[in-house]
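Structure below is work33.txt: compact mmCIF, C-alpha atoms and all ligand atoms.
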```
# COMPACT_ATOMS: atom_id res chain seq x y z
CA MET N 1 120.71 40.02 -0.53
CA SER N 2 122.78 40.09 -3.72
CA LYS N 3 125.86 42.30 -3.24
CA THR N 4 124.48 44.20 -0.30
CA PRO N 5 122.15 42.73 2.30
CA ARG N 6 118.59 43.22 1.28
CA VAL N 7 115.18 43.49 2.77
CA ASN N 8 113.34 40.60 1.24
CA ALA N 9 109.84 39.48 0.58
CA SER N 10 109.03 42.54 2.59
CA LEU N 11 106.15 44.35 1.02
CA ARG N 12 103.82 41.48 0.33
CA PHE N 13 102.16 41.49 3.69
CA HIS N 14 100.71 44.96 3.47
CA ARG N 15 100.22 45.02 -0.29
CA THR N 16 98.30 41.85 -0.72
CA ALA N 17 96.03 41.32 2.21
CA THR N 18 93.79 39.12 0.14
CA LEU N 19 96.61 36.89 -1.01
CA LEU N 20 97.84 35.85 2.31
CA ARG N 21 96.85 32.31 3.07
CA CYS N 22 98.42 29.47 1.20
CA ALA N 23 95.97 26.64 0.81
CA ILE N 24 97.59 24.18 -1.51
CA ALA N 25 94.70 23.58 -3.93
CA TRP N 26 96.42 22.66 -7.20
CA LEU N 27 99.39 21.32 -5.30
CA ILE N 28 97.34 18.99 -3.17
CA ILE N 29 99.56 16.79 -1.12
CA CYS N 30 97.86 13.62 0.03
CA LEU N 31 99.27 11.68 2.91
CA SER N 32 99.13 7.97 2.27
CA ALA N 33 97.12 6.16 4.91
CA ALA N 34 99.63 3.34 4.97
CA ASP N 35 102.69 5.46 5.49
CA ALA N 36 102.34 9.03 6.66
CA LYS N 37 105.74 9.87 5.29
CA THR N 38 104.98 8.73 1.77
CA LEU N 39 103.62 11.54 -0.29
CA THR N 40 101.77 11.52 -3.51
CA THR N 41 100.97 14.69 -5.27
CA SER N 42 98.32 15.69 -7.74
CA LYS N 43 100.93 17.45 -9.83
CA THR N 44 104.14 16.51 -11.47
CA LYS N 45 106.83 18.99 -12.31
CA SER N 46 105.75 19.08 -15.93
CA ASP N 47 102.20 20.07 -14.91
CA LEU N 48 103.45 23.16 -13.19
CA ARG N 49 103.09 26.36 -15.14
CA GLY N 50 106.03 28.76 -15.28
CA VAL N 51 106.53 31.72 -12.99
CA ARG N 52 105.75 35.16 -14.35
CA VAL N 53 108.28 37.68 -13.08
CA LEU N 54 107.91 41.39 -13.71
CA VAL N 55 111.43 42.40 -14.78
CA GLY N 56 110.60 45.75 -16.40
CA ARG N 57 107.96 48.18 -15.16
CA ASN N 58 106.84 51.00 -17.44
CA VAL N 59 109.84 50.76 -19.73
CA ASP N 60 109.73 52.88 -22.88
CA ASP N 61 112.92 51.86 -24.65
CA PHE N 62 114.67 48.50 -24.59
CA LYS N 63 116.33 45.96 -26.85
CA LEU N 64 116.56 42.19 -26.98
CA ARG N 65 118.69 39.58 -28.69
CA SER N 66 119.75 35.97 -28.46
CA VAL N 67 122.43 33.76 -29.95
CA SER N 68 119.63 32.29 -32.07
CA ALA N 69 116.84 34.07 -33.92
CA VAL N 70 114.31 35.98 -31.80
CA THR N 71 110.64 35.93 -32.70
CA LEU N 72 107.82 38.24 -31.69
CA GLU N 73 104.34 36.72 -31.62
CA ASP N 74 101.02 38.50 -31.39
CA ALA N 75 98.12 37.44 -29.14
CA ASP N 76 97.07 34.80 -31.69
CA GLY N 77 100.51 33.21 -31.68
CA LYS N 78 101.33 34.60 -35.11
CA ILE N 79 104.96 35.58 -35.60
CA PHE N 80 105.08 39.16 -36.87
CA TYR N 81 108.75 39.93 -36.42
CA ARG N 82 111.92 37.89 -36.53
CA THR N 83 115.60 38.70 -36.07
CA THR N 84 118.72 36.88 -37.21
CA PRO N 85 121.01 35.36 -34.53
CA ASN N 86 122.71 37.97 -32.31
CA GLN N 87 120.75 40.80 -33.92
CA TRP N 88 119.28 43.31 -31.49
CA VAL N 89 115.62 44.21 -31.83
CA ARG N 90 114.79 47.60 -30.33
CA ILE N 91 111.34 48.14 -28.86
CA ARG N 92 109.96 51.52 -27.90
CA ALA N 93 106.68 52.79 -26.54
CA ASN N 94 105.37 56.20 -27.44
CA SER N 95 101.97 57.24 -26.04
CA GLY N 96 100.97 53.60 -25.88
CA LYS N 97 102.02 52.79 -29.47
CA ILE N 98 104.66 50.13 -29.94
CA PHE N 99 107.55 50.72 -32.32
CA ILE N 100 109.81 47.85 -33.33
CA ASP N 101 113.07 48.89 -34.91
CA GLY N 102 111.44 52.22 -35.66
CA VAL N 103 108.25 50.89 -37.27
CA ALA N 104 104.84 51.21 -35.57
CA TYR N 105 102.97 47.93 -34.97
CA ARG N 106 99.32 47.62 -34.01
CA VAL N 107 99.84 45.30 -31.06
CA ASN N 108 99.21 45.84 -27.37
CA ALA N 109 100.88 42.68 -26.18
CA PHE N 110 103.32 40.18 -27.63
CA MET N 111 105.50 37.24 -26.69
CA VAL N 112 109.24 37.19 -27.31
CA ARG N 113 111.01 33.85 -27.72
CA SER N 114 114.38 32.74 -28.94
CA PHE N 115 114.21 30.16 -31.68
CA SER N 116 116.19 27.46 -29.85
CA ASP N 117 115.14 28.40 -26.30
CA ALA N 118 118.54 30.04 -25.84
CA PRO N 119 118.60 32.77 -23.16
CA LEU N 120 117.34 36.20 -24.17
CA GLU N 121 119.47 39.23 -23.45
CA LEU N 122 117.55 42.30 -22.31
CA SER N 123 118.99 45.79 -22.14
CA LYS N 124 117.02 48.87 -21.11
CA ARG N 125 117.83 52.40 -22.14
CA ASN N 126 117.88 55.00 -19.42
CA LYS N 127 119.12 58.57 -19.21
CA ASP N 128 122.74 57.36 -19.07
CA GLY N 129 122.41 55.22 -22.18
CA TRP N 130 122.07 51.47 -22.54
CA ALA N 131 122.24 49.45 -19.33
CA ASP N 132 124.29 46.25 -19.34
CA GLY N 133 122.38 43.40 -20.90
CA ILE N 134 120.97 40.74 -18.58
CA LEU N 135 120.48 37.15 -19.73
CA TYR N 136 117.09 35.65 -18.97
CA PRO N 137 115.94 32.07 -19.44
CA GLY N 138 112.50 31.35 -20.91
CA ALA N 139 110.41 33.91 -22.77
CA PHE N 140 109.04 37.40 -22.29
CA ARG N 141 105.55 38.75 -22.45
CA CYS N 142 105.50 42.48 -23.15
CA PHE N 143 102.35 44.56 -22.95
CA VAL N 144 101.28 48.18 -22.84
CA SER N 145 100.76 49.42 -19.29
CA SER N 146 98.19 51.89 -18.01
CA ALA N 147 100.98 54.50 -18.12
CA LYS N 148 101.20 53.80 -21.88
CA LYS N 149 104.64 52.32 -21.51
CA ILE N 150 105.64 48.66 -21.54
CA HIS N 151 105.68 46.07 -18.76
CA ILE N 152 108.12 43.21 -19.39
CA VAL N 153 107.31 39.86 -17.78
CA ASN N 154 109.75 36.95 -17.86
CA PHE N 155 108.08 33.54 -18.18
CA VAL N 156 110.43 31.06 -16.58
CA GLU N 157 110.29 27.50 -15.32
CA VAL N 158 109.92 27.35 -11.51
CA GLU N 159 113.17 25.57 -10.67
CA THR N 160 115.19 27.83 -13.00
CA TYR N 161 113.60 30.84 -11.33
CA VAL N 162 114.39 29.48 -7.84
CA ALA N 163 118.05 29.05 -8.79
CA GLY N 164 118.05 32.63 -10.10
CA VAL N 165 116.66 33.92 -6.80
CA VAL N 166 119.08 31.92 -4.66
CA ALA N 167 122.00 33.30 -6.69
CA ARG N 168 120.94 36.85 -5.76
CA GLU N 169 119.64 36.30 -2.26
CA VAL N 170 122.63 34.59 -0.64
CA TRP N 171 126.12 35.89 -0.15
CA PRO N 172 128.62 33.99 -2.29
CA THR N 173 130.46 32.80 0.83
CA PHE N 174 127.40 31.20 2.40
CA ALA N 175 127.56 27.51 3.37
CA THR N 176 125.93 24.74 1.33
CA GLN N 177 123.12 24.18 3.86
CA ALA N 178 122.32 27.90 3.77
CA TYR N 179 122.02 27.76 -0.02
CA ARG N 180 119.67 24.80 0.31
CA ALA N 181 117.52 26.44 2.99
CA GLN N 182 117.30 29.55 0.81
CA ALA N 183 116.24 27.46 -2.19
CA ILE N 184 113.39 25.83 -0.26
CA ALA N 185 112.28 29.21 1.13
CA ALA N 186 112.37 30.85 -2.31
CA ARG N 187 110.39 27.94 -3.85
CA SER N 188 107.75 27.93 -1.10
CA PHE N 189 107.31 31.68 -1.37
CA VAL N 190 106.87 31.71 -5.13
CA LEU N 191 104.47 28.76 -5.18
CA CYS N 192 102.24 30.73 -2.78
CA GLN N 193 102.41 33.75 -5.05
CA MET N 194 101.66 31.70 -8.16
CA GLN N 195 98.53 30.36 -6.62
CA PHE N 196 97.18 33.62 -5.29
CA ARG N 197 98.10 35.74 -8.27
CA GLN N 198 96.81 33.29 -10.86
CA SER N 199 94.47 35.88 -12.40
CA LYS N 200 97.04 38.72 -12.38
CA GLU N 201 99.55 39.69 -15.05
CA TRP N 202 102.54 38.54 -12.97
CA ASP N 203 103.25 36.42 -9.89
CA VAL N 204 106.27 38.21 -8.46
CA THR N 205 108.42 41.25 -9.14
CA ASN N 206 112.20 41.02 -9.37
CA GLY N 207 113.06 43.33 -6.46
CA GLN N 208 113.32 43.45 -2.72
CA GLY N 209 109.59 43.78 -2.25
CA SER N 210 109.30 40.23 -3.55
CA GLN N 211 112.38 38.07 -4.17
CA VAL N 212 115.48 39.47 -5.84
CA TYR N 213 115.87 37.90 -9.29
CA GLY N 214 118.32 38.90 -11.98
CA GLY N 215 117.95 36.19 -14.61
CA LEU N 216 120.79 33.77 -15.18
CA ARG N 217 123.96 33.94 -13.14
CA GLU N 218 126.74 31.78 -14.48
CA ASP N 219 129.56 32.46 -12.02
CA ARG N 220 130.44 30.28 -9.03
CA THR N 221 127.53 31.62 -6.96
CA GLY N 222 125.17 30.84 -9.81
CA ARG N 223 126.50 27.30 -10.05
CA LEU N 224 126.17 26.76 -6.29
CA ALA N 225 122.63 28.15 -6.42
CA THR N 226 121.75 25.74 -9.23
CA GLN N 227 123.22 22.80 -7.31
CA ALA N 228 121.26 23.71 -4.15
CA THR N 229 118.08 24.08 -6.20
CA LYS N 230 118.56 20.70 -7.88
CA TYR N 231 119.34 19.04 -4.55
CA THR N 232 116.09 20.35 -3.05
CA GLU N 233 113.97 20.09 -6.22
CA GLY N 234 110.26 20.32 -5.49
CA ILE N 235 110.70 20.53 -1.71
CA VAL N 236 108.59 23.11 0.09
CA CYS N 237 107.90 24.17 3.64
CA ILE N 238 104.38 23.20 4.69
CA TYR N 239 102.13 23.54 7.70
CA ASP N 240 99.51 20.95 8.57
CA ASP N 241 96.96 22.02 11.18
CA GLY N 242 95.29 18.59 11.19
CA GLU N 243 92.55 19.62 8.78
CA LYS N 244 94.43 21.03 5.86
CA THR N 245 97.95 21.35 4.57
CA GLU N 246 99.29 24.60 3.23
CA ILE N 247 102.58 25.86 1.92
CA VAL N 248 104.03 28.35 4.37
CA ARG N 249 104.57 31.83 3.00
CA THR N 250 108.24 31.71 3.80
CA TYR N 251 109.10 35.35 4.37
CA TYR N 252 112.73 36.10 4.91
CA SER N 253 114.93 39.08 5.63
CA ALA N 254 118.64 39.78 6.03
CA ALA N 255 118.93 39.74 9.83
CA CYS N 256 116.32 39.55 12.58
CA GLY N 257 118.62 41.24 15.09
CA GLY N 258 117.79 38.84 17.92
CA MET N 259 114.10 37.95 17.59
CA THR N 260 111.80 37.23 14.66
CA GLN N 261 108.61 39.21 14.28
CA SER N 262 105.04 37.94 13.86
CA ALA N 263 103.49 38.03 10.39
CA ALA N 264 99.99 38.21 11.90
CA ILE N 265 100.58 41.90 12.62
CA PHE N 266 100.50 42.55 8.89
CA GLY N 267 97.71 40.22 7.91
CA PRO N 268 95.47 38.03 10.05
CA ALA N 269 95.53 35.32 7.37
CA ASP N 270 99.21 34.70 8.13
CA ASP N 271 98.28 33.92 11.70
CA ILE N 272 99.71 30.38 11.71
CA PRO N 273 102.27 28.96 14.15
CA PRO N 274 105.19 28.89 11.68
CA LEU N 275 104.79 32.65 11.14
CA ALA N 276 104.03 33.62 14.74
CA GLY N 277 107.51 35.06 15.28
CA GLY N 278 109.12 35.33 18.69
CA VAL N 279 111.95 32.98 17.65
CA ALA N 280 115.07 34.02 19.55
CA CYS N 281 118.02 34.09 17.17
CA ASP N 282 121.48 35.40 17.87
CA TYR N 283 122.99 33.46 15.01
CA CYS N 284 122.79 36.62 12.91
CA ASN N 285 125.43 38.36 15.03
CA ILE N 286 127.93 37.22 12.36
CA ALA N 287 126.33 39.63 9.89
CA PRO N 288 128.32 42.59 8.53
CA GLN N 289 128.25 45.93 10.28
CA ASN N 290 124.87 47.67 10.43
CA ASN N 291 122.98 44.41 9.96
CA TYR N 292 122.75 42.86 13.39
CA ARG N 293 122.85 46.27 15.09
CA TRP N 294 122.65 49.62 13.36
CA LYS N 295 123.90 53.03 14.36
CA THR N 296 121.67 55.86 15.56
CA VAL N 297 119.90 57.67 12.74
CA ARG N 298 118.80 61.27 13.27
CA LEU N 299 116.16 62.82 11.03
CA ARG N 300 114.47 66.20 11.24
CA LYS N 301 110.71 66.11 11.69
CA GLN N 302 110.31 68.30 8.61
CA GLU N 303 112.27 65.82 6.51
CA ILE N 304 110.23 62.87 7.80
CA PHE N 305 107.01 64.74 6.99
CA ARG N 306 108.26 65.55 3.48
CA LEU N 307 109.18 61.93 2.76
CA ILE N 308 106.00 60.44 4.20
CA THR N 309 103.66 62.88 2.44
CA ALA N 310 105.51 62.27 -0.83
CA ARG N 311 104.33 58.66 -0.56
CA HIS N 312 100.88 59.41 0.78
CA LYS N 313 99.68 62.88 -0.21
CA SER N 314 96.53 62.79 1.92
CA LEU N 315 98.73 62.96 5.02
CA GLN N 316 99.47 66.57 4.14
CA SER N 317 96.18 67.28 5.93
CA LEU N 318 98.12 66.80 9.19
CA GLY N 319 99.67 70.22 8.42
CA GLN N 320 102.98 69.34 10.01
CA LEU N 321 104.72 66.62 11.98
CA ARG N 322 104.58 67.90 15.51
CA ASN N 323 105.61 64.69 17.19
CA LEU N 324 105.99 60.92 16.78
CA SER N 325 105.12 58.21 19.27
CA ILE N 326 104.99 54.40 19.36
CA VAL N 327 101.43 53.39 20.23
CA LYS N 328 101.67 49.60 19.85
CA ARG N 329 104.42 47.07 20.47
CA SER N 330 104.69 43.34 19.95
CA ALA N 331 104.84 40.96 22.90
CA GLU N 332 108.61 41.10 22.53
CA GLY N 333 108.64 44.90 22.65
CA ARG N 334 109.28 45.58 18.98
CA PRO N 335 107.49 48.74 17.78
CA VAL N 336 104.47 47.83 15.65
CA THR N 337 102.44 51.02 15.22
CA ILE N 338 103.71 54.59 15.09
CA ARG N 339 101.55 57.71 15.53
CA LEU N 340 102.22 60.82 13.48
CA HIS N 341 100.98 63.84 15.43
CA GLY N 342 99.95 66.82 13.31
CA ASN N 343 98.30 70.16 14.01
CA GLY N 344 96.00 70.21 17.05
CA ASP N 345 94.63 66.74 17.85
CA GLN N 346 95.13 65.41 14.35
CA HIS N 347 97.10 62.20 14.10
CA HIS N 348 97.66 59.23 11.85
CA ASP N 349 98.64 55.73 12.96
CA MET N 350 100.64 53.47 10.66
CA LEU N 351 102.68 50.29 10.81
CA VAL N 352 106.27 51.04 11.72
CA GLU N 353 107.41 48.71 8.94
CA LYS N 354 105.51 50.79 6.39
CA PHE N 355 106.78 54.02 7.96
CA ARG N 356 110.35 52.78 7.61
CA LEU N 357 109.89 51.77 3.98
CA TRP N 358 108.21 55.07 3.12
CA LEU N 359 111.21 56.99 4.44
CA GLY N 360 113.08 55.21 1.65
CA GLY N 361 116.75 54.68 1.04
CA ASN N 362 117.13 52.18 3.85
CA LYS N 363 117.46 55.07 6.28
CA LEU N 364 116.07 52.84 9.01
CA ARG N 365 117.32 49.32 8.51
CA SER N 366 114.53 47.75 10.56
CA SER N 367 111.46 48.66 12.58
CA ASP N 368 113.20 47.49 15.77
CA PHE N 369 114.53 50.64 17.44
CA LYS N 370 114.09 53.03 20.32
CA MET N 371 112.87 56.48 19.40
CA ARG N 372 113.75 59.75 21.10
CA VAL N 373 112.35 63.11 20.02
CA VAL N 374 114.54 66.10 20.89
CA GLY N 375 113.27 69.43 19.61
CA ASP N 376 113.05 69.27 15.82
CA THR N 377 115.01 66.05 15.57
CA VAL N 378 114.01 62.42 15.97
CA ALA N 379 116.73 59.98 16.99
CA PHE N 380 116.22 56.30 16.10
CA GLU N 381 118.50 54.45 18.47
CA ASN N 382 119.48 50.89 19.41
CA GLY N 383 118.54 49.65 15.95
CA ARG N 384 118.43 45.86 15.66
CA GLY N 385 118.39 43.75 12.53
CA TYR N 386 118.04 44.45 8.82
CA GLY N 387 114.71 43.98 7.08
CA HIS N 388 111.25 43.12 8.34
CA GLY N 389 112.41 40.31 10.62
CA LEU N 390 109.63 37.91 9.56
CA GLY N 391 110.34 34.23 9.14
CA LEU N 392 113.77 33.15 8.01
CA CYS N 393 116.73 35.24 9.18
CA GLN N 394 119.27 34.93 6.35
CA TRP N 395 122.37 35.73 8.39
CA GLY N 396 121.03 33.49 11.14
CA MET N 397 120.59 30.75 8.52
CA GLU N 398 124.26 31.13 7.61
CA GLY N 399 125.27 31.22 11.29
CA GLN N 400 123.44 27.94 11.90
CA ALA N 401 124.83 26.35 8.73
CA ARG N 402 128.34 27.19 9.91
CA GLU N 403 127.55 25.37 13.16
CA GLY N 404 126.61 22.26 11.22
CA LYS N 405 122.81 22.55 11.11
CA SER N 406 121.03 21.12 8.08
CA ALA N 407 118.70 23.10 5.82
CA ALA N 408 115.75 21.18 7.30
CA GLU N 409 116.79 22.03 10.87
CA ILE N 410 117.28 25.69 9.94
CA LEU N 411 113.82 25.97 8.35
CA ARG N 412 112.11 24.20 11.26
CA PHE N 413 113.86 26.63 13.62
CA TYR N 414 112.57 29.77 11.88
CA PHE N 415 109.17 28.31 10.93
CA PRO N 416 108.20 26.38 14.07
CA GLY N 417 105.69 23.61 13.48
CA SER N 418 106.41 23.43 9.75
CA GLN N 419 107.70 20.41 7.85
CA LEU N 420 109.38 19.84 4.54
CA GLN N 421 107.43 17.99 1.89
CA ARG N 422 107.79 17.40 -1.79
CA ALA N 423 105.25 19.34 -3.85
CA TYR N 424 106.24 17.63 -7.11
ZN ZN N 501 118.60 36.40 13.38
```
Could you write out this file's structure as structure tokens?
Amino acid sequence: MSKTPRVNASLRFHRTATLLRCAIAWLIICLSAADAKTLTTSKTKSDLRGVRVLVGRNVDDFKLRSVSAVTLEDADGKIFYRTTPNQWVRIRANSGKIFIDGVAYRVNAFMVRSFSDAPLELSKRNKDGWADGILYPGAFRCFVSSAKKIHIVNFVEVETYVAGVVAREVWPTFATQAYRAQAIAARSFVLCQMQFRQSKEWDVTNGQGSQVYGGLREDRTGRLATQATKYTEGIVCIYDDGEKTEIVRTYYSAACGGMTQSAAIFGPADDIPPLAGGVACDYCNIAPQNNYRWKTVRLRKQEIFRLITARHKSLQSLGQLRNLSIVKRSAEGRPVTIRLHGNGDQHHDMLVEKFRLWLGGNKLRSSDFKMRVVGDTVAFENGRGYGHGLGLCQWGMEGQAREGKSAAEILRFYFPGSQLQRAY
């Protein structure tokens, strides 16, 4: 959630249909025959590779430094550039060519490390000038993107990454057990991603579509996040159906608004009891205004059509947005599929969650609303919750923590049938 409540882990379900199921594979957890509660694992923490987090997408001008020397290595591991401590190195992309401190280099990809593993400070240049530098642990891999700019991927150790996510995803005032529950959820989620995106260039992005991550945070919230991460080190949320054990893809969002939603709607592979939704939760009624309930939003049909077709140009074939209707609801009555009516009999059905995200700007805080069409205007009324409503409800997690529930109890509540186990 960082400073404002966020929609979290929200886009994965429709973006990565093939990535959905979390079989453990390289994190095989074997139950000892003698004692079902004793776990052995095929991996130790040191066996685990780092997480690859996309922290810069199609960047064409940025600079890096560290308190120690910074080195740039080519694909063969050969150092081709080195700074002195605290010296910025500026990297630019121009039509796919990489310029380092103004000199062209014939590299398409390179690693950036600080000499003593000190954090690296990254600052991007945008139209307003240089953005504030952000400190990142680990190293960076930079490579030329298909848009001939540069993608920047932070390579970071899993537990350090988890602490970085917790520091951005909780509110500073959250209770200790909420921090711990968030740490376990963030760890479980990223371990799923690491497995299924093994062959890709990165495992997660740093935004709301994945898990919010902003490198190191060294204030009180950062310290509490690190403590919660250390306390829960290696612990993940798993589901055992009797035949196999898998890490649960622990989706979470700011506030469910009263009832969690099923993940199976977005991908049949997530059709497991812990993600079935339908968990009644009023604990999130402590959330700030416009989180638990949100005010009526009125949008003109023309505006909706403009926003939707900007995201999906082929929908311009509808000609216009004549009407909108909900054509499918969940068992609990939450809208699932919305129909866009165009000219004549033309129509297009889409998930309400996608529709909401395509409108952009958090105009609709959730897909749980009543819709009323009056003339040219569509009123979205009785809005409930903030975010996709899958899995863990973050304000509900805090509400339960305030009532004395433990992190384990909170996670079992939102992921029914799951258990906590140590993955390493
Ligand atoms: Zn809730």
Go through chain N residue by residue and, counting only C-alpha atoms and all ligand atoms, keep those with an atom at most 10 Å from ligand ZN 501 (chain N); for each kept residue give the shortest atom pair and its distance in Å to one decimal, ordered by chain and increasing number, as JSON lines.
```
{"residue": "N:Ser253", "atom": "CA", "partner": "N:ZN501", "partner_atom": "ZN", "distance": 9.0}
{"residue": "N:Ala254", "atom": "CA", "partner": "N:ZN501", "partner_atom": "ZN", "distance": 8.1}
{"residue": "N:Ala255", "atom": "CA", "partner": "N:ZN501", "partner_atom": "ZN", "distance": 4.9}
{"residue": "N:Cys256", "atom": "CA", "partner": "N:ZN501", "partner_atom": "ZN", "distance": 4.0}
{"residue": "N:Gly257", "atom": "CA", "partner": "N:ZN501", "partner_atom": "ZN", "distance": 5.1}
{"residue": "N:Gly258", "atom": "CA", "partner": "N:ZN501", "partner_atom": "ZN", "distance": 5.2}
{"residue": "N:Met259", "atom": "CA", "partner": "N:ZN501", "partner_atom": "ZN", "distance": 6.4}
{"residue": "N:Thr260", "atom": "CA", "partner": "N:ZN501", "partner_atom": "ZN", "distance": 7.0}
{"residue": "N:Val279", "atom": "CA", "partner": "N:ZN501", "partner_atom": "ZN", "distance": 8.6}
{"residue": "N:Ala280", "atom": "CA", "partner": "N:ZN501", "partner_atom": "ZN", "distance": 7.5}
{"residue": "N:Cys281", "atom": "CA", "partner": "N:ZN501", "partner_atom": "ZN", "distance": 4.5}
{"residue": "N:Asp282", "atom": "CA", "partner": "N:ZN501", "partner_atom": "ZN", "distance": 5.4}
{"residue": "N:Tyr283", "atom": "CA", "partner": "N:ZN501", "partner_atom": "ZN", "distance": 5.5}
{"residue": "N:Cys284", "atom": "CA", "partner": "N:ZN501", "partner_atom": "ZN", "distance": 4.2}
{"residue": "N:Asn285", "atom": "CA", "partner": "N:ZN501", "partner_atom": "ZN", "distance": 7.3}
{"residue": "N:Ile286", "atom": "CA", "partner": "N:ZN501", "partner_atom": "ZN", "distance": 9.4}
{"residue": "N:Ala287", "atom": "CA", "partner": "N:ZN501", "partner_atom": "ZN", "distance": 9.1}
{"residue": "N:Asn291", "atom": "CA", "partner": "N:ZN501", "partner_atom": "ZN", "distance": 9.7}
{"residue": "N:Tyr292", "atom": "CA", "partner": "N:ZN501", "partner_atom": "ZN", "distance": 7.7}
{"residue": "N:Arg384", "atom": "CA", "partner": "N:ZN501", "partner_atom": "ZN", "distance": 9.7}
{"residue": "N:Gly385", "atom": "CA", "partner": "N:ZN501", "partner_atom": "ZN", "distance": 7.4}
{"residue": "N:Tyr386", "atom": "CA", "partner": "N:ZN501", "partner_atom": "ZN", "distance": 9.3}
{"residue": "N:Gly389", "atom": "CA", "partner": "N:ZN501", "partner_atom": "ZN", "distance": 7.8}
{"residue": "N:Leu390", "atom": "CA", "partner": "N:ZN501", "partner_atom": "ZN", "distance": 9.9}
{"residue": "N:Gly391", "atom": "CA", "partner": "N:ZN501", "partner_atom": "ZN", "distance": 9.5}
{"residue": "N:Leu392", "atom": "CA", "partner": "N:ZN501", "partner_atom": "ZN", "distance": 7.9}
{"residue": "N:Cys393", "atom": "CA", "partner": "N:ZN501", "partner_atom": "ZN", "distance": 4.7}
{"residue": "N:Gln394", "atom": "CA", "partner": "N:ZN501", "partner_atom": "ZN", "distance": 7.2}
{"residue": "N:Trp395", "atom": "CA", "partner": "N:ZN501", "partner_atom": "ZN", "distance": 6.3}
{"residue": "N:Gly396", "atom": "CA", "partner": "N:ZN501", "partner_atom": "ZN", "distance": 4.4}
{"residue": "N:Met397", "atom": "CA", "partner": "N:ZN501", "partner_atom": "ZN", "distance": 7.7}
{"residue": "N:Glu398", "atom": "CA", "partner": "N:ZN501", "partner_atom": "ZN", "distance": 9.6}
{"residue": "N:Gly399", "atom": "CA", "partner": "N:ZN501", "partner_atom": "ZN", "distance": 8.7}
{"residue": "N:Gln400", "atom": "CA", "partner": "N:ZN501", "partner_atom": "ZN", "distance": 9.9}
{"residue": "N:Tyr414", "atom": "CA", "partner": "N:ZN501", "partner_atom": "ZN", "distance": 9.1}
```
(message) Could you tell me how far atom CA of N:His341 sits from atom CA of N:Ser366, in Å to one decimal place?
(response) 21.6 Å
(message) Using only C-alpha atoms, can you tell me which of N:Asn126, N:Ser325, N:Gln421, N:Ser199 comes closest to N:Ile235?
(response) N:Gln421
(request) Write out as a ChimeraX atom specification the residues lying within 8 Å of stretch 351-362 of chain N, counting only C-alpha atoms and excluding same-chain residues fewer than 3 positions away. (result) /N:304,307-308,311,335-338,365-367,388
(request) Excluding N:Arg306 and any residue of its chain fewer than 3 positions from it, enumerate the residues within 12 Å of it, using only C-alpha atoms, and give them as a PyMOL selection string. (result) chain N and resi 299-303+309-313+315-316+318-321+358-360
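Remark: for N:Arg217, the closest of the candidate residues N:Gly333, N:Pro119, N:Gly164, N:Pro137 is N:Gly164 (distances computed over only C-alpha atoms).
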Where is the centre and how long are the edges: axis-aligned box on stretch 312-319 of chain N, 3 Å on each side, Å to one decimal, as AutoDock Vina command-line options:
```
--center_x 98.5 --center_y 64.8 --center_z 4.5 --size_x 10.7 --size_y 16.8 --size_z 15.4
```
(request) Just give me the gap between atom CA of N:Thr176 and atom CA of N:Phe413 in Å, one decimal is fine. (result)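 Atom CA of N:Phe413 lies at a distance of 17.3 Å from atom CA of N:Thr176.
Between N:Ile91 and the residues N:Asn323, N:Ile150, N:Ser188, N:Asp76, the shortest atom-to-atom distance, using all atoms listed in the file, involves N:Ile150.
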(request) Considering all atoms listed in the file, return as a PyMOL selection string whatever protein or nucleic-acid residues lie within 12 Å of stretch 151-154 of chain N, sequence-local ones (same chain, fewer than 6 positions apart) excluded. (result) chain N and resi 50-64+91-93+96+98+108-113+119-124+134-145+160-161+200-206+213-216
(request) May I have the residues at most 6 Å from (122.9, 29.6, -8.0) in the file's coordinates, counting all atoms listed in the file, as a list in words? (result) Ala163, Val166, Ala167, Thr221, Gly222, Arg223, Leu224, Ala225 and Thr226 of chain N
(message) Report, in Å with one decimal, the straight-line distance from atom CA of N:Ala379 to atom CA of N:Val297.
(response)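 These two atoms are separated by 5.8 Å.
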Could you name the residues that touch N:Met371 at 9 Å or less, counting only C-alpha atoms, but leaving out those on the same chain fewer than 4 positions away, as a tab-separated table (two decimals) with C-alpha atoms, in the coordinates of the input?
```
chain	number	residue	atom	x	y	z
N	324	LEU	CA	105.99	60.92	16.78
N	325	SER	CA	105.12	58.21	19.27
N	326	ILE	CA	104.99	54.40	19.36
N	378	VAL	CA	114.01	62.42	15.97
N	379	ALA	CA	116.73	59.98	16.99
N	380	PHE	CA	116.22	56.30	16.10
N	381	GLU	CA	118.50	54.45	18.47
N	382	ASN	CA	119.48	50.89	19.41
```
(message) If we count only C-alpha atoms and set the cut-off at 8 Å, which residues sit around N:Val67, ignoring sequence neighbours fewer than 5 positions away in its own chain? Please answer as an MDAnalysis selection string.
(response) chainID N and resid 85:86 118:119
(message) Could you check the closest approach to N:Ile184 for each of N:Glu157, N:Ser210, N:Gln87, N:Val236 and tell me which residue wins, using all atoms listed in the file?
(response)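 Distance minimum relative to N:Ile184 lands on N:Val236.
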(request) Would you mind telling me which residue in N:Ile265, N:Leu340, N:Met350, N:Val162 lies nearest to N:Ala181 when using all atoms listed in the file? (result) N:Val162
(message) Under the rule that only C-alpha atoms are counted, which of N:Ser114, N:Thr250, N:Ser95, N:Gln227 is the nearest residue to N:Ser66?
(response)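 Under the stated criterion, the closest residue is N:Ser114.
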